[in-house]
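Below is one structure; the comments refer to it alone.
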Amino acid sequence: MALRRIAVHFYELNRAMEIASFIRSLPKAELHVHIEGTLEPEMMFDLAARNGIDLPFATVEEVREAYEFSDLQAFLDIYYRGAAVLVTEQDFFELMLAYLERAVADGIRRAEIFFDPQAHTERGIDFSVFMGGFADAIDAARERWGISAGMIMCFLRHLPGDAAVDTWNLAAPFVHRMIGVGLDSSEVGNPPEWFAEVYARARSAGLHAVAHAGEEGPPAYITGALDTLRVERIDHGVRCEEDRALVERLVRERIPLTMCPLSNVELRVFDRLEDHNIKRLLDRGVRVTINSDDPAYFGGYVLDNFVATVEALDLDRNDIVALARNSIGATFLPDDEKAALLEELAETGAALEPGAPEPTQNEKG
Ligand code: ES4
Ligand code: ZN
């Protein structure tokens with residue numbers, strides 16, 4: 001009956017809104033977002049016009065229609081083309097500020113943000129241009145909204161290890177504005193071991209290390225990133241499940257996985273969100289987190305990723321709080337700042353759940 005259907009519809013809508021506001025209210029960190037992947041079509045058009053750059057699209061609608069990807073490479077081709085509208089320091093400033101404002105709206109308190117310097121230096125844009133814009137936006141966002149952010153410089157793995165070392169040398173005057181290095185772009189056929197030299201240099205300079213691994217590539221790339229690059233977190237890591245000993249190691253060594261559920265569906269890593277392994281890994285004790293990857297391309301920011309995953313995998317409140325806790329625990333923040341956010345999370349998580357049992361010792365970690 002129509003009335004009953006409408007009633008059910010409103011009940012579900014209300015429930016979805018309640019879940020969304022619960023998730024929004026929890027302090028969280030975003031640990032896997034490519035700043036170039038936050039370029040919304042509207043801004044892409046504005047910047048293309050401002051900088052006199054031709055786009056192969058006539059309207060914002062046409063851009064969105066083109067966002068249909070068969071795999072990672074199909075996406076990357078469009079992503080690098082989009083990034084080419086970024087030219088001036090002001091462009092990079094506006095991009096970063098817009099992302100941080102959006103993150104604040106989702107309840108993100110700390111963001112550790114990837115950028116791809118080689119996507120810009122290859123076009124003749126100097127480090128000082130993008131680093132200046134990013135750093136000013138991060139400072140402005142902290143002033144305006146209180147959000148804390150750090151930058152992670154990624155090397156493009158489809159380019160040679162030597163090119164990464166050249167990039168590291170160009171980055172020298174700006175290393176103090178970075179918290180770490182990462183590895184991204186086309187994974188299959190480009191193993192982590194090729195980047196051992198540049199990672200060794202970055203680690204000796206005191207930077208943290210992360211790497212994309214096991215998104216499309218085999219579990220051996222996850223092991224390689226851990227053993228050869230000595231990374232502290234794995235970005236994606238969905239294919240760890242194919243290696244039982246590796247999953248046990250991730251649990252034992254408490255290695256965070258920065259997962260991106262909507263990205264994985266858009267890039268056909270999983271056919272449907274219902275097939276995603278994040279809940280299974282969470283239940284096995286892996287330190288998984290939810291992130292947005294390239295939100296302007298994959299249809300959602302962190303809150304959208306949370307809500308869609310909660311619905312598809314039937315996550316409960318304990319799962320949601322555990323995911324938020326994992327995200328804060330996996331940041332590169334100093335221990336005292338981490339502890340303050342975890343404390344706030346414990347209070348918020350408990351306050352919003354009437355009659356909720358005290359978290360167990362195990363969950364407090
Ligand atoms: C990326 Cl989803 C993904 N994977 C690898 N590299 C990337 N760069 C931007 N998004
Ligand atoms: Zn990524």
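FYI, nothing fancy with the structure tokens labels: chains A, B, ... in order, residues from 1 per chain, ligands from 1 as they appear.
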
### Message
Let me see if you get this right: every residue at most 10 Å from ligand 2, counting only C-alpha atoms and all ligand atoms, written as a ChimeraX atom specification.
### Response
/A:31-34,37,72,114,154,182-185,211-213,215,235-236,258-260,263-264,291-294

Could you turn the residues from that selection into a file that holds N, CA and C atoms, as an mmCIF file, in the first residue's frame?
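result-v6.cif written:
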data_model
loop_
_atom_site.group_PDB
_atom_site.id
_atom_site.type_symbol
_atom_site.label_atom_id
_atom_site.label_comp_id
_atom_site.auth_asym_id
_atom_site.auth_seq_id
_atom_site.Cartn_x
_atom_site.Cartn_y
_atom_site.Cartn_z
ATOM 1 N N LEU A 31 42.968 10.144 6.452
ATOM 2 C CA LEU A 31 44.370 9.781 6.239
ATOM 3 C C LEU A 31 44.671 9.374 4.811
ATOM 4 N N HIS A 32 43.672 9.403 3.961
ATOM 5 C CA HIS A 32 43.898 8.992 2.572
ATOM 6 C C HIS A 32 43.030 9.843 1.658
ATOM 7 N N VAL A 33 43.582 10.996 1.287
ATOM 8 C CA VAL A 33 42.899 11.875 0.335
ATOM 9 C C VAL A 33 43.969 12.550 -0.508
ATOM 10 N N HIS A 34 43.782 12.483 -1.822
ATOM 11 C CA HIS A 34 44.706 13.148 -2.759
ATOM 12 C C HIS A 34 44.139 14.530 -3.019
ATOM 13 N N GLY A 37 42.585 15.147 -6.148
ATOM 14 C CA GLY A 37 41.334 14.400 -6.314
ATOM 15 C C GLY A 37 40.147 15.064 -5.639
ATOM 16 N N LEU A 72 41.799 1.501 -12.353
ATOM 17 C CA LEU A 72 42.616 2.605 -11.819
ATOM 18 C C LEU A 72 43.198 3.455 -12.945
ATOM 19 N N PHE A 114 47.621 13.809 0.796
ATOM 20 C CA PHE A 114 48.588 13.525 -0.273
ATOM 21 C C PHE A 114 48.600 14.644 -1.301
ATOM 22 N N CYS A 154 53.671 12.416 -2.365
ATOM 23 C CA CYS A 154 53.663 11.107 -3.023
ATOM 24 C C CYS A 154 54.547 11.092 -4.263
ATOM 25 N N GLY A 182 54.729 9.303 0.404
ATOM 26 C CA GLY A 182 53.860 8.206 -0.015
ATOM 27 C C GLY A 182 54.170 7.798 -1.439
ATOM 28 N N LEU A 183 53.436 6.794 -1.916
ATOM 29 C CA LEU A 183 53.661 6.237 -3.248
ATOM 30 C C LEU A 183 52.290 5.980 -3.866
ATOM 31 N N ASP A 184 52.063 6.552 -5.066
ATOM 32 C CA ASP A 184 50.748 6.335 -5.683
ATOM 33 C C ASP A 184 50.859 6.210 -7.195
ATOM 34 N N SER A 185 49.736 6.289 -7.865
ATOM 35 C CA SER A 185 49.589 6.093 -9.317
ATOM 36 C C SER A 185 49.537 4.592 -9.665
ATOM 37 N N ALA A 211 52.513 4.010 1.901
ATOM 38 C CA ALA A 211 52.501 3.691 0.465
ATOM 39 C C ALA A 211 51.179 3.044 0.087
ATOM 40 N N HIS A 212 50.688 3.366 -1.115
ATOM 41 C CA HIS A 212 49.572 2.617 -1.683
ATOM 42 C C HIS A 212 50.087 1.204 -1.974
ATOM 43 N N ALA A 213 49.332 0.216 -1.572
ATOM 44 C CA ALA A 213 49.714 -1.168 -1.861
ATOM 45 C C ALA A 213 48.504 -2.075 -1.718
ATOM 46 N N GLU A 215 45.952 -2.363 -3.717
ATOM 47 C CA GLU A 215 44.685 -1.828 -4.233
ATOM 48 C C GLU A 215 44.310 -2.688 -5.439
ATOM 49 N N ASP A 235 48.130 2.226 2.358
ATOM 50 C CA ASP A 235 46.973 2.865 1.746
ATOM 51 C C ASP A 235 46.250 1.843 0.866
ATOM 52 N N HIS A 236 44.981 1.659 1.146
ATOM 53 C CA HIS A 236 44.112 0.607 0.571
ATOM 54 C C HIS A 236 44.401 -0.721 1.272
ATOM 55 N N THR A 258 44.469 2.384 5.337
ATOM 56 C CA THR A 258 43.586 3.515 5.037
ATOM 57 C C THR A 258 42.717 3.124 3.840
ATOM 58 N N MET A 259 41.510 2.654 4.127
ATOM 59 C CA MET A 259 40.643 2.121 3.076
ATOM 60 C C MET A 259 39.689 3.192 2.552
ATOM 61 N N CYS A 260 39.246 2.995 1.307
ATOM 62 C CA CYS A 260 38.419 3.976 0.609
ATOM 63 C C CYS A 260 37.304 3.230 -0.112
ATOM 64 N N SER A 263 35.759 4.567 -3.507
ATOM 65 C CA SER A 263 36.799 4.493 -4.541
ATOM 66 C C SER A 263 36.897 3.069 -5.085
ATOM 67 N N ASN A 264 36.916 2.098 -4.189
ATOM 68 C CA ASN A 264 37.090 0.710 -4.606
ATOM 69 C C ASN A 264 35.943 0.224 -5.492
ATOM 70 N N ASN A 291 38.186 6.400 4.451
ATOM 71 C CA ASN A 291 38.698 7.637 3.851
ATOM 72 C C ASN A 291 38.064 7.852 2.485
ATOM 73 N N SER A 292 38.377 9.017 1.872
ATOM 74 C CA SER A 292 37.647 9.349 0.633
ATOM 75 C C SER A 292 38.464 9.209 -0.656
ATOM 76 N N ASP A 293 39.808 9.181 -0.565
ATOM 77 C CA ASP A 293 40.665 8.990 -1.750
ATOM 78 C C ASP A 293 40.618 10.187 -2.710
ATOM 79 N N ASP A 294 39.668 10.171 -3.648
ATOM 80 C CA ASP A 294 39.527 11.259 -4.622
ATOM 81 C C ASP A 294 38.056 11.666 -4.657
#

### In range 6-189 of chain A, DSSP alpha helix (DSSP H) residues written as a ChimeraX atom specification
/A:6-25,41-51,60-66,72-83,89-105,117-121,127-145,161-171

Hey, what's within 12 Å of range 160-175 of chain A if we count only C-alpha atoms and toss same-chain stuff fewer than 6 positions away? As a compact mmCIF listing (two decimals) with C-alpha atoms, in the first residue's frame, please?
# COMPACT_ATOMS: atom_id res chain seq x y z
CA ASP A 116 51.52 14.63 -6.35
CA PRO A 117 54.41 17.06 -7.02
CA GLN A 118 55.42 15.30 -10.24
CA ALA A 119 51.95 15.95 -11.71
CA HIS A 120 52.87 19.64 -11.45
CA THR A 121 56.66 19.81 -11.92
CA GLU A 122 56.28 17.80 -15.16
CA ILE A 125 55.15 24.34 -12.16
CA ASP A 126 57.66 25.00 -9.42
CA PHE A 127 57.60 23.46 -5.94
CA SER A 128 57.36 26.94 -4.39
CA VAL A 129 54.06 27.54 -6.25
CA PHE A 130 52.09 24.55 -4.95
CA MET A 131 53.83 24.30 -1.57
CA GLY A 132 53.18 27.99 -0.89
CA PHE A 134 48.97 24.48 0.23
CA ALA A 135 50.83 25.72 3.31
CA GLY A 150 49.73 17.79 7.41
CA MET A 151 51.03 17.08 3.91
CA ILE A 152 52.37 13.80 2.52
CA MET A 153 54.38 14.02 -0.68
CA CYS A 154 53.66 11.11 -3.02
CA VAL A 181 56.14 10.56 1.90
CA GLY A 182 53.86 8.21 -0.01
CA LEU A 183 53.66 6.24 -3.25
CA ASP A 184 50.75 6.34 -5.68
CA GLY A 189 53.93 -3.79 -12.58
CA ASN A 190 55.46 -0.95 -10.53
CA PRO A 191 56.62 -2.64 -7.29
CA PRO A 192 57.56 -0.74 -4.12
CA GLU A 193 61.16 -1.99 -4.18
CA TRP A 194 62.00 0.48 -6.99
CA PHE A 195 61.58 3.32 -4.49
CA ALA A 196 63.79 2.01 -1.68
CA GLU A 197 66.41 4.73 -2.17
CA VAL A 198 64.08 7.72 -1.99
CA TYR A 199 62.23 6.29 1.01
CA ALA A 200 65.52 5.74 2.84
CA ARG A 201 66.40 9.39 2.28
CA ALA A 202 62.99 10.62 3.40
CA ARG A 203 63.10 8.50 6.55
CA SER A 204 66.58 9.78 7.44
CA ALA A 205 65.19 13.32 7.09
CA GLY A 206 62.67 12.42 9.83
CA LEU A 207 59.60 12.01 7.63
CA HIS A 208 56.93 9.37 8.10

### Query
Which residues, written as a PyMOL selection string, have at least one atom at most 9 Å from Asp304 in chain A, with only C-alpha atoms counted and residues fewer than 6 positions away on the same chain left out?
chain A and resi 20+106+262+292

Expected file contents, prior selection, N, CA and C atoms, as a PDB file, in the first residue's frame:
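Saved to selection_25.pdb:
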ATOM      1  N   ALA A  20      23.974   9.577  10.011  1.00  0.00           N
ATOM      2  CA  ALA A  20      24.900  10.580   9.471  1.00  0.00           C
ATOM      3  C   ALA A  20      25.281  11.591  10.545  1.00  0.00           C
ATOM      4  N   ASP A 106      32.361  17.525   7.755  1.00  0.00           N
ATOM      5  CA  ASP A 106      32.160  16.093   8.020  1.00  0.00           C
ATOM      6  C   ASP A 106      32.656  15.681   9.407  1.00  0.00           C
ATOM      7  N   LEU A 262      34.179   3.799  -1.352  1.00  0.00           N
ATOM      8  CA  LEU A 262      33.530   4.254  -2.592  1.00  0.00           C
ATOM      9  C   LEU A 262      34.507   4.220  -3.765  1.00  0.00           C
ATOM     10  N   SER A 292      38.377   9.017   1.872  1.00  0.00           N
ATOM     11  CA  SER A 292      37.647   9.349   0.633  1.00  0.00           C
ATOM     12  C   SER A 292      38.464   9.209  -0.656  1.00  0.00           C
TER      13      SER A 292
END

### Query
Excluding same-chain residues fewer than 3 positions from Leu257 in chain A, what lies within 8 Å of it counting only C-alpha atoms, as a PyMOL selection string?
chain A and resi 233-237+286-289

### Task
Tell me which protein, DNA and RNA residues are within 12 Å of Asp316 in chain A, counting only C-alpha atoms, leaving out same-chain ones fewer than 5 positions away, and put them as a ChimeraX atom specification.
/A:19,22-23,279,306-307,309-311,321-323,353

Go ahead and dump the residues you just picked, N, CA and C atoms, as a PDB file, in the first residue's frame.
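out.pdb, freshly written:
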ATOM      1  N   ILE A  19      22.028   8.381  11.618  1.00  0.00           N
ATOM      2  CA  ILE A  19      23.346   7.756  11.495  1.00  0.00           C
ATOM      3  C   ILE A  19      24.358   8.783  11.028  1.00  0.00           C
ATOM      4  N   PHE A  22      25.227  11.199  13.776  1.00  0.00           N
ATOM      5  CA  PHE A  22      26.076  10.517  14.774  1.00  0.00           C
ATOM      6  C   PHE A  22      27.522  10.464  14.277  1.00  0.00           C
ATOM      7  N   ILE A  23      27.718  10.034  13.042  1.00  0.00           N
ATOM      8  CA  ILE A  23      29.075   9.912  12.494  1.00  0.00           C
ATOM      9  C   ILE A  23      29.743  11.286  12.420  1.00  0.00           C
ATOM     10  N   LYS A 279      34.646  -4.688   6.834  1.00  0.00           N
ATOM     11  CA  LYS A 279      34.018  -5.190   8.066  1.00  0.00           C
ATOM     12  C   LYS A 279      34.672  -6.502   8.523  1.00  0.00           C
ATOM     13  N   PHE A 306      31.420   6.785   4.971  1.00  0.00           N
ATOM     14  CA  PHE A 306      30.946   6.140   6.205  1.00  0.00           C
ATOM     15  C   PHE A 306      29.496   5.675   6.055  1.00  0.00           C
ATOM     16  N   VAL A 307      28.631   6.606   5.641  1.00  0.00           N
ATOM     17  CA  VAL A 307      27.197   6.296   5.590  1.00  0.00           C
ATOM     18  C   VAL A 307      26.941   5.137   4.623  1.00  0.00           C
ATOM     19  N   THR A 309      28.986   2.806   3.665  1.00  0.00           N
ATOM     20  CA  THR A 309      29.560   1.560   4.168  1.00  0.00           C
ATOM     21  C   THR A 309      28.722   0.996   5.319  1.00  0.00           C
ATOM     22  N   VAL A 310      28.265   1.882   6.195  1.00  0.00           N
ATOM     23  CA  VAL A 310      27.419   1.456   7.308  1.00  0.00           C
ATOM     24  C   VAL A 310      26.167   0.759   6.777  1.00  0.00           C
ATOM     25  N   GLU A 311      25.560   1.341   5.755  1.00  0.00           N
ATOM     26  CA  GLU A 311      24.336   0.781   5.180  1.00  0.00           C
ATOM     27  C   GLU A 311      24.621  -0.545   4.465  1.00  0.00           C
ATOM     28  N   VAL A 321      32.332   3.710  15.959  1.00  0.00           N
ATOM     29  CA  VAL A 321      33.253   4.331  16.922  1.00  0.00           C
ATOM     30  C   VAL A 321      34.653   3.719  16.780  1.00  0.00           C
ATOM     31  N   ALA A 322      34.722   2.422  16.528  1.00  0.00           N
ATOM     32  CA  ALA A 322      36.039   1.771  16.344  1.00  0.00           C
ATOM     33  C   ALA A 322      36.752   2.346  15.116  1.00  0.00           C
ATOM     34  N   LEU A 323      36.009   2.594  14.047  1.00  0.00           N
ATOM     35  CA  LEU A 323      36.610   3.168  12.828  1.00  0.00           C
ATOM     36  C   LEU A 323      37.127   4.587  13.094  1.00  0.00           C
ATOM     37  N   GLU A 353      24.956   7.723  22.912  1.00  0.00           N
ATOM     38  CA  GLU A 353      24.322   6.411  22.919  1.00  0.00           C
ATOM     39  C   GLU A 353      23.714   6.140  24.284  1.00  0.00           C
TER      40      GLU A 353
END

### Summary
The residue from A:Asp54, A:Glu42, A:Glu337, A:Glu242 with the smallest atom-to-atom distance to Arg81 in chain A, counting only C-alpha atoms, is A:Asp54

### Query
range 32-231 of chain A: which residues are strand (DSSP E or B) by DSSP, as a VMD selection string?
chain A and resid 33 to 34 108 to 115 148 to 156 180 to 184 208 to 213

Go ahead and save the residues from that selection, with N, CA and C atoms, as a PDB file, in the first residue's frame.
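Saved to selection.pdb:
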ATOM      1  N   VAL A  33      43.582  10.996   1.287  1.00  0.00           N
ATOM      2  CA  VAL A  33      42.899  11.875   0.335  1.00  0.00           C
ATOM      3  C   VAL A  33      43.969  12.550  -0.508  1.00  0.00           C
ATOM      4  N   HIS A  34      43.782  12.483  -1.822  1.00  0.00           N
ATOM      5  CA  HIS A  34      44.706  13.148  -2.759  1.00  0.00           C
ATOM      6  C   HIS A  34      44.139  14.530  -3.019  1.00  0.00           C
ATOM      7  N   ILE A 108      35.838  16.133  10.470  1.00  0.00           N
ATOM      8  CA  ILE A 108      37.268  15.760  10.417  1.00  0.00           C
ATOM      9  C   ILE A 108      38.052  16.773  11.242  1.00  0.00           C
ATOM     10  N   ARG A 109      38.870  16.273  12.173  1.00  0.00           N
ATOM     11  CA  ARG A 109      39.649  17.149  13.046  1.00  0.00           C
ATOM     12  C   ARG A 109      41.120  17.170  12.673  1.00  0.00           C
ATOM     13  N   ARG A 110      41.526  16.140  11.928  1.00  0.00           N
ATOM     14  CA  ARG A 110      42.919  16.044  11.499  1.00  0.00           C
ATOM     15  C   ARG A 110      42.923  15.412  10.103  1.00  0.00           C
ATOM     16  N   ALA A 111      43.656  16.030   9.170  1.00  0.00           N
ATOM     17  CA  ALA A 111      43.751  15.484   7.815  1.00  0.00           C
ATOM     18  C   ALA A 111      45.224  15.362   7.441  1.00  0.00           C
ATOM     19  N   GLU A 112      45.607  14.204   6.909  1.00  0.00           N
ATOM     20  CA  GLU A 112      46.973  13.982   6.434  1.00  0.00           C
ATOM     21  C   GLU A 112      46.840  13.742   4.935  1.00  0.00           C
ATOM     22  N   ILE A 113      47.262  14.751   4.172  1.00  0.00           N
ATOM     23  CA  ILE A 113      46.810  14.933   2.795  1.00  0.00           C
ATOM     24  C   ILE A 113      47.912  14.670   1.783  1.00  0.00           C
ATOM     25  N   PHE A 114      47.621  13.809   0.796  1.00  0.00           N
ATOM     26  CA  PHE A 114      48.588  13.525  -0.273  1.00  0.00           C
ATOM     27  C   PHE A 114      48.600  14.644  -1.301  1.00  0.00           C
ATOM     28  N   PHE A 115      49.780  14.876  -1.853  1.00  0.00           N
ATOM     29  CA  PHE A 115      49.852  15.669  -3.077  1.00  0.00           C
ATOM     30  C   PHE A 115      50.860  15.014  -4.012  1.00  0.00           C
ATOM     31  N   SER A 148      43.422  20.535  12.065  1.00  0.00           N
ATOM     32  CA  SER A 148      44.859  20.317  11.965  1.00  0.00           C
ATOM     33  C   SER A 148      45.136  19.508  10.689  1.00  0.00           C
ATOM     34  N   ALA A 149      46.160  19.905   9.943  1.00  0.00           N
ATOM     35  CA  ALA A 149      46.454  19.187   8.696  1.00  0.00           C
ATOM     36  C   ALA A 149      47.943  19.085   8.451  1.00  0.00           C
ATOM     37  N   GLY A 150      48.345  17.995   7.801  1.00  0.00           N
ATOM     38  CA  GLY A 150      49.727  17.791   7.405  1.00  0.00           C
ATOM     39  C   GLY A 150      49.769  17.281   5.975  1.00  0.00           C
ATOM     40  N   MET A 151      50.909  17.474   5.324  1.00  0.00           N
ATOM     41  CA  MET A 151      51.035  17.075   3.912  1.00  0.00           C
ATOM     42  C   MET A 151      51.968  15.888   3.734  1.00  0.00           C
ATOM     43  N   ILE A 152      51.561  14.974   2.868  1.00  0.00           N
ATOM     44  CA  ILE A 152      52.367  13.797   2.524  1.00  0.00           C
ATOM     45  C   ILE A 152      52.676  13.847   1.036  1.00  0.00           C
ATOM     46  N   MET A 153      53.949  13.921   0.716  1.00  0.00           N
ATOM     47  CA  MET A 153      54.378  14.016  -0.682  1.00  0.00           C
ATOM     48  C   MET A 153      54.444  12.616  -1.309  1.00  0.00           C
ATOM     49  N   CYS A 154      53.671  12.416  -2.365  1.00  0.00           N
ATOM     50  CA  CYS A 154      53.663  11.107  -3.023  1.00  0.00           C
ATOM     51  C   CYS A 154      54.547  11.092  -4.263  1.00  0.00           C
ATOM     52  N   PHE A 155      55.226   9.985  -4.461  1.00  0.00           N
ATOM     53  CA  PHE A 155      55.979   9.763  -5.690  1.00  0.00           C
ATOM     54  C   PHE A 155      55.103   8.956  -6.645  1.00  0.00           C
ATOM     55  N   LEU A 156      55.179   9.310  -7.928  1.00  0.00           N
ATOM     56  CA  LEU A 156      54.398   8.589  -8.941  1.00  0.00           C
ATOM     57  C   LEU A 156      55.163   7.327  -9.337  1.00  0.00           C
ATOM     58  N   GLY A 180      55.319  13.514   5.755  1.00  0.00           N
ATOM     59  CA  GLY A 180      55.695  12.188   5.285  1.00  0.00           C
ATOM     60  C   GLY A 180      55.764  12.077   3.784  1.00  0.00           C
ATOM     61  N   VAL A 181      56.147  10.873   3.326  1.00  0.00           N
ATOM     62  CA  VAL A 181      56.140  10.565   1.900  1.00  0.00           C
ATOM     63  C   VAL A 181      55.237   9.361   1.638  1.00  0.00           C
ATOM     64  N   GLY A 182      54.729   9.303   0.404  1.00  0.00           N
ATOM     65  CA  GLY A 182      53.860   8.206  -0.015  1.00  0.00           C
ATOM     66  C   GLY A 182      54.170   7.798  -1.439  1.00  0.00           C
ATOM     67  N   LEU A 183      53.436   6.794  -1.916  1.00  0.00           N
ATOM     68  CA  LEU A 183      53.661   6.237  -3.248  1.00  0.00           C
ATOM     69  C   LEU A 183      52.290   5.980  -3.866  1.00  0.00           C
ATOM     70  N   ASP A 184      52.063   6.552  -5.066  1.00  0.00           N
ATOM     71  CA  ASP A 184      50.748   6.335  -5.683  1.00  0.00           C
ATOM     72  C   ASP A 184      50.859   6.210  -7.195  1.00  0.00           C
ATOM     73  N   HIS A 208      57.674  10.626   8.033  1.00  0.00           N
ATOM     74  CA  HIS A 208      56.932   9.369   8.104  1.00  0.00           C
ATOM     75  C   HIS A 208      56.823   8.779   6.706  1.00  0.00           C
ATOM     76  N   ALA A 209      56.466   7.480   6.659  1.00  0.00           N
ATOM     77  CA  ALA A 209      56.372   6.806   5.360  1.00  0.00           C
ATOM     78  C   ALA A 209      55.095   5.978   5.272  1.00  0.00           C
ATOM     79  N   VAL A 210      54.395   6.131   4.152  1.00  0.00           N
ATOM     80  CA  VAL A 210      53.214   5.321   3.836  1.00  0.00           C
ATOM     81  C   VAL A 210      53.335   4.945   2.364  1.00  0.00           C
ATOM     82  N   ALA A 211      52.513   4.010   1.901  1.00  0.00           N
ATOM     83  CA  ALA A 211      52.501   3.691   0.465  1.00  0.00           C
ATOM     84  C   ALA A 211      51.179   3.044   0.087  1.00  0.00           C
ATOM     85  N   HIS A 212      50.688   3.366  -1.115  1.00  0.00           N
ATOM     86  CA  HIS A 212      49.572   2.617  -1.683  1.00  0.00           C
ATOM     87  C   HIS A 212      50.087   1.204  -1.974  1.00  0.00           C
ATOM     88  N   ALA A 213      49.332   0.216  -1.572  1.00  0.00           N
ATOM     89  CA  ALA A 213      49.714  -1.168  -1.861  1.00  0.00           C
ATOM     90  C   ALA A 213      48.504  -2.075  -1.718  1.00  0.00           C
TER      91      ALA A 213
END

### Neighbour list for Glu248 in chain A as a PyMOL selection string, cut-off 9 Å, only C-alpha atoms, skip fewer than 4 positions in-chain
chain A and resi 243-244+252-253+284-286

Atoms to include: C-alpha atoms. Write the selected residues as a PDB file, in the first residue's frame.
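Saved to again-v6.pdb:
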ATOM      1  CA  ASP A 243      47.727 -13.822   2.271  1.00  0.00           C
ATOM      2  CA  ARG A 244      46.696 -15.230   5.622  1.00  0.00           C
ATOM      3  CA  ARG A 252      50.097  -8.251  15.344  1.00  0.00           C
ATOM      4  CA  GLU A 253      52.006  -5.129  14.274  1.00  0.00           C
ATOM      5  CA  ARG A 284      39.647  -9.870  12.517  1.00  0.00           C
ATOM      6  CA  GLY A 285      41.381  -7.089  14.423  1.00  0.00           C
ATOM      7  CA  VAL A 286      43.021  -5.202  11.544  1.00  0.00           C
TER       8      VAL A 286
END

### Query
When you draw a straight line from CA of Ser25 in chain A to CA of Val265 in chain A, how long is it in Å?
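Value for the CA of Ser25 in chain A-CA of Val265 in chain A distance: 26.1 Å.
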